[in-house]
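Before any comments, here is the structure.
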Amino acid sequence: MAMPLTALLLPSTLAVCLSPPSQFTLSRSSPLSPFSIPRPPLPKLKIQCAAKDNREAAPPSTRTSESVDPKKGISVYKPKSYEVLVTDAANSLAFALEDGKVRLEIDFPPLPSDISSYKGSSDEFIEANIQLALTMVKKLQDKRDIRACIVFPDKPEKRRASQLFKSAFDSIDGISIGSLDDIPSGPVTTFFRSVRDTLDFDFEDENEGRWEPKEPPSLYVFVNCSARELSVIEKYVEKYAQLTPTLLFNLELDTLRADLGLLGFPTKDLHYRFLSQFSPVFYIRIRDYSKTVAVAPYIVNYSGALFRRYPGPWQVMLKQADGSYACVAESETRFTLGETKEELLRVLGLQEEQGSSLEFLRKGFKASTWWEEDVELEVSSAWRS
């Protein structure tokens, strides 16, 4: 069932809105402030999609027809449903495959934003990702001949999915399923897997072997994997998909990268040698921000997103009153998280004076993550392009 994306894109209770385009107002429905907030005399703003160095860029296209150049950015993004969202992801993936890319990433919120990863059940996210991945594969098959293999973290997850989505798997031509447990392992790993399977009552069922690949897959799609399993994905790719296109689907890599190097997790080198090779072909990362101001209401909350739809550029989008996202900056290379926030502040007129103590107090000493900084250690810069 198609779900409105208005629910997906994170709501902002006291959001900075753009209505009309030449100025912004403050929504007065904040639970933090039930009484009416007087509108402060903020400066008028004109929304302009700028280049990364804040130079004026060519205006991005609005999405009105298929004849629009896909290499251009879009001025406003507001898909009406998840079906439209997944169609956009499938189109971007098709363009990337046509260009010969083999290491690919797709990342967007799998559930409405009011069901955050802290409030929602993990099963809801797992099932939503599987559903979206299958829908995307089906739409991709309308554009090109694809034999997709959906790879799960382990055999219990694979078996559970085969039971829940049996009819969906049967409806897709050439679909096959696998798990990271398919990689041959040593005696110690094999022993622990047997203990896990026994405790999970992981016995064979009627679907065992039902979706084994009859021909080698032409696309591997990894879903619902955690940070600890990223190193296993690397081994899986090395054994089965060295030259075959590989897609990391909704793994939230930016979140998983933050765990690399911690005790019990893979080392940071995994990003440098492996994850850096994956090109984001469809990417939406939505975040909420706050900024203190010297006039009432003293705290301004606003929302924005880092957006990319291959082969278009990277874009910083500002959330508007109607739930749509308007482009305020674009670049051929990926914006860092800090740069994304700065572009939003720039267009809102909320930036401090450059080099001032207020700017330093807000930014701090470090304004980027370790994986955004260590360019010279990366095997590939594909994840930035």
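Residues are referred to by chain and number: the chain letter is A, B, ... according to the order shown in the structure tokens, the number counts from 1 in that chain, and ligands are numbered separately from 1 in the order shown.
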If you count only C-alpha atoms, which residues fall within 10 Å of stretch 96-108 of chain A, apart from same-chain ones fewer than 6 positions away, as a ChimeraX atom specification? /A:8-9,85-86,89-90,129,133,144,219-222,237,241-254,274-286,307-311,382-383
Taking the DSSP secondary structure from the backbone, can you list the residues of stretch 59-286 of chain A that are strand (DSSP E or B), as a ChimeraX atom specification? /A:61,74,76-77,103-107,148-152,176-179,219-223,246-249,279-286
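Here atom CA of A:Glu238 is placed at a distance of 22.3 Å from atom CA of A:Trp211.
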Atom CA of A:Arg147 to atom CA of A:Ser171, distance in Å rounded to a single decimal: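 Separation of atom CA of A:Arg147 and atom CA of A:Ser171: 13.1 Å.
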Contacts of A:Val316 within 8 Å, only C-alpha atoms, excl. fewer than 2 positions in-chain, as an mmCIF file with all heavy atoms, in the first residue's frame:
```cif
data_model
loop_
_atom_site.group_PDB
_atom_site.id
_atom_site.type_symbol
_atom_site.label_atom_id
_atom_site.label_comp_id
_atom_site.auth_asym_id
_atom_site.auth_seq_id
_atom_site.Cartn_x
_atom_site.Cartn_y
_atom_site.Cartn_z
ATOM 1 N N GLY A 304 16.254 19.890 7.668
ATOM 2 C CA GLY A 304 16.848 19.845 6.341
ATOM 3 C C GLY A 304 17.255 18.437 5.987
ATOM 4 O O GLY A 304 17.137 17.507 6.791
ATOM 5 N N ALA A 305 17.731 18.268 4.768
ATOM 6 C CA ALA A 305 18.112 16.939 4.304
ATOM 7 C C ALA A 305 19.293 17.040 3.351
ATOM 8 O O ALA A 305 19.423 18.018 2.599
ATOM 9 C CB ALA A 305 16.941 16.255 3.607
ATOM 10 N N LEU A 306 20.143 16.038 3.404
ATOM 11 C CA LEU A 306 21.168 15.850 2.387
ATOM 12 C C LEU A 306 20.589 14.871 1.373
ATOM 13 O O LEU A 306 20.145 13.778 1.738
ATOM 14 C CB LEU A 306 22.452 15.293 3.007
ATOM 15 C CG LEU A 306 23.606 15.035 2.036
ATOM 16 C CD1 LEU A 306 24.008 16.316 1.309
ATOM 17 C CD2 LEU A 306 24.807 14.448 2.785
ATOM 18 N N PHE A 307 20.567 15.276 0.110
ATOM 19 C CA PHE A 307 19.818 14.538 -0.906
ATOM 20 C C PHE A 307 20.694 14.280 -2.125
ATOM 21 O O PHE A 307 21.490 15.127 -2.524
ATOM 22 C CB PHE A 307 18.585 15.355 -1.304
ATOM 23 C CG PHE A 307 17.757 14.753 -2.407
ATOM 24 C CD1 PHE A 307 16.828 13.765 -2.128
ATOM 25 C CD2 PHE A 307 17.901 15.183 -3.716
ATOM 26 C CE1 PHE A 307 16.063 13.213 -3.146
ATOM 27 C CE2 PHE A 307 17.138 14.648 -4.732
ATOM 28 C CZ PHE A 307 16.217 13.653 -4.455
ATOM 29 N N TRP A 314 24.783 16.277 -5.608
ATOM 30 C CA TRP A 314 24.414 16.289 -4.193
ATOM 31 C C TRP A 314 23.721 17.619 -3.907
ATOM 32 O O TRP A 314 24.153 18.672 -4.392
ATOM 33 C CB TRP A 314 25.647 16.140 -3.312
ATOM 34 C CG TRP A 314 26.209 14.762 -3.303
ATOM 35 C CD1 TRP A 314 27.181 14.263 -4.126
ATOM 36 C CD2 TRP A 314 25.844 13.691 -2.433
ATOM 37 N NE1 TRP A 314 27.436 12.952 -3.827
ATOM 38 C CE2 TRP A 314 26.635 12.573 -2.794
ATOM 39 C CE3 TRP A 314 24.931 13.565 -1.395
ATOM 40 C CZ2 TRP A 314 26.537 11.352 -2.133
ATOM 41 C CZ3 TRP A 314 24.826 12.355 -0.736
ATOM 42 C CH2 TRP A 314 25.616 11.263 -1.105
ATOM 43 N N LEU A 318 16.028 22.240 2.245
ATOM 44 C CA LEU A 318 15.417 22.841 3.436
ATOM 45 C C LEU A 318 13.933 22.490 3.465
ATOM 46 O O LEU A 318 13.225 22.668 2.465
ATOM 47 C CB LEU A 318 15.590 24.357 3.427
ATOM 48 C CG LEU A 318 14.953 25.123 4.584
ATOM 49 C CD1 LEU A 318 15.623 24.777 5.898
ATOM 50 C CD2 LEU A 318 15.037 26.632 4.328
ATOM 51 N N CYS A 327 15.694 22.948 -2.605
ATOM 52 C CA CYS A 327 17.152 22.963 -2.741
ATOM 53 C C CYS A 327 17.705 24.339 -2.369
ATOM 54 O O CYS A 327 17.211 25.369 -2.825
ATOM 55 C CB CYS A 327 17.534 22.610 -4.177
ATOM 56 S SG CYS A 327 19.300 22.778 -4.514
ATOM 57 N N VAL A 328 18.746 24.339 -1.541
ATOM 58 C CA VAL A 328 19.411 25.592 -1.184
ATOM 59 C C VAL A 328 20.882 25.584 -1.582
ATOM 60 O O VAL A 328 21.526 26.629 -1.586
ATOM 61 C CB VAL A 328 19.280 25.887 0.327
ATOM 62 C CG1 VAL A 328 17.820 26.055 0.712
ATOM 63 C CG2 VAL A 328 19.928 24.790 1.172
ATOM 64 N N ALA A 329 21.434 24.400 -1.913
ATOM 65 C CA ALA A 329 22.832 24.308 -2.350
ATOM 66 C C ALA A 329 23.032 22.983 -3.050
ATOM 67 O O ALA A 329 22.341 22.001 -2.759
ATOM 68 C CB ALA A 329 23.786 24.433 -1.160
ATOM 69 N N GLU A 330 23.969 22.946 -3.975
ATOM 70 C CA GLU A 330 24.272 21.691 -4.664
ATOM 71 C C GLU A 330 25.748 21.635 -5.013
ATOM 72 O O GLU A 330 26.431 22.652 -5.098
ATOM 73 C CB GLU A 330 23.415 21.524 -5.912
ATOM 74 C CG GLU A 330 23.658 22.528 -7.007
ATOM 75 C CD GLU A 330 22.789 22.259 -8.234
ATOM 76 O OE1 GLU A 330 21.646 21.803 -8.082
ATOM 77 O OE2 GLU A 330 23.281 22.523 -9.343
ATOM 78 N N PHE A 335 28.426 16.733 0.371
ATOM 79 C CA PHE A 335 28.547 17.659 1.494
ATOM 80 C C PHE A 335 28.828 16.865 2.763
ATOM 81 O O PHE A 335 28.237 15.803 2.994
ATOM 82 C CB PHE A 335 27.247 18.449 1.697
ATOM 83 C CG PHE A 335 26.923 19.429 0.608
ATOM 84 C CD1 PHE A 335 26.211 19.037 -0.508
ATOM 85 C CD2 PHE A 335 27.327 20.753 0.704
ATOM 86 C CE1 PHE A 335 25.892 19.950 -1.512
ATOM 87 C CE2 PHE A 335 27.012 21.673 -0.292
ATOM 88 C CZ PHE A 335 26.300 21.265 -1.404
ATOM 89 N N THR A 340 26.493 20.637 5.418
ATOM 90 C CA THR A 340 25.043 20.627 5.219
ATOM 91 C C THR A 340 24.363 21.615 6.165
ATOM 92 O O THR A 340 23.509 22.412 5.763
ATOM 93 C CB THR A 340 24.491 19.217 5.446
ATOM 94 O OG1 THR A 340 25.112 18.303 4.529
ATOM 95 C CG2 THR A 340 22.984 19.170 5.263
ATOM 96 N N GLU A 343 25.056 25.289 5.179
ATOM 97 C CA GLU A 343 24.266 25.763 4.042
ATOM 98 C C GLU A 343 22.843 26.123 4.471
ATOM 99 O O GLU A 343 22.256 27.092 3.981
ATOM 100 C CB GLU A 343 24.236 24.704 2.939
ATOM 101 C CG GLU A 343 25.577 24.447 2.262
ATOM 102 C CD GLU A 343 26.048 25.635 1.442
ATOM 103 O OE1 GLU A 343 25.273 26.590 1.239
ATOM 104 O OE2 GLU A 343 27.213 25.622 1.003
ATOM 105 N N LEU A 344 22.284 25.345 5.381
ATOM 106 C CA LEU A 344 20.943 25.653 5.880
ATOM 107 C C LEU A 344 20.939 26.957 6.674
ATOM 108 O O LEU A 344 20.035 27.790 6.534
ATOM 109 C CB LEU A 344 20.428 24.498 6.747
ATOM 110 C CG LEU A 344 20.185 23.173 6.017
ATOM 111 C CD1 LEU A 344 19.860 22.061 7.015
ATOM 112 C CD2 LEU A 344 19.048 23.304 5.003
#
```
Residue neighbourhood A:Leu180, 12 Å, only C-alpha atoms, exclusion window fewer than 5 positions, as JSON, numbers by chain: {"A": [149, 150, 151, 152, 153, 154, 155, 156, 157, 158, 185, 193, 220, 221, 222, 223, 224, 225, 226, 228, 229, 230, 231, 232, 233, 234, 235, 236, 237, 239, 240]}
Can you tell me how far atom CA of A:Trp370 sits from atom CA of A:Glu342, in Å to one decimal?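 Pair atom CA of A:Trp370 / atom CA of A:Glu342 returns 18.5 Å.
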Can you tell me which residues surround A:Thr336 at a distance of at most 10 Å, considering only C-alpha atoms, apart from same-chain residues fewer than 4 positions away, and format the answer as a list in words?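 Near A:Thr336, the qualifying residues are Leu306, Thr340, Lys341, Glu342, Ala367, Ser368, Thr369, Trp371, Glu372, Glu373 and Arg384 of chain A.
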Minimum-distance residue to A:Ser381, chosen among A:Lys214, A:Arg334, A:Leu134, A:Gly349 (using only C-alpha atoms):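 Going through A:Lys214, A:Arg334, A:Leu134, A:Gly349 one by one, the smallest distance to A:Ser381 is for A:Arg334.
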So which one's closest to A:Lys143, A:Ala168, A:Ala94, A:Leu262, A:Val379? Using only C-alpha atoms, please. A:Ala94
Would you pick out the contacts of A:Asp145 at 12 Å or less, using only C-alpha atoms, so that residues sharing its chain but fewer than 5 positions from it are not included, and give the list as a ChimeraX atom specification? /A:94,97-98,137-140,172-175,217-219
DSSP on the backbone: which residues in stretch 84-309 of chain A end up as helix (DSSP H, G or I)? Give the answer as number ranges by chain. A: 84-98, 122-141, 155-164, 166-170, 180-182, 187-199, 227-240, 253-257, 269-273, 275-277
Find, counting only C-alpha atoms, the residue in A:Phe265, A:Tyr82, A:Phe125, A:Tyr302 that gets nearest to A:Tyr325.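 Closest to A:Tyr325, using only C-alpha atoms: A:Tyr302.
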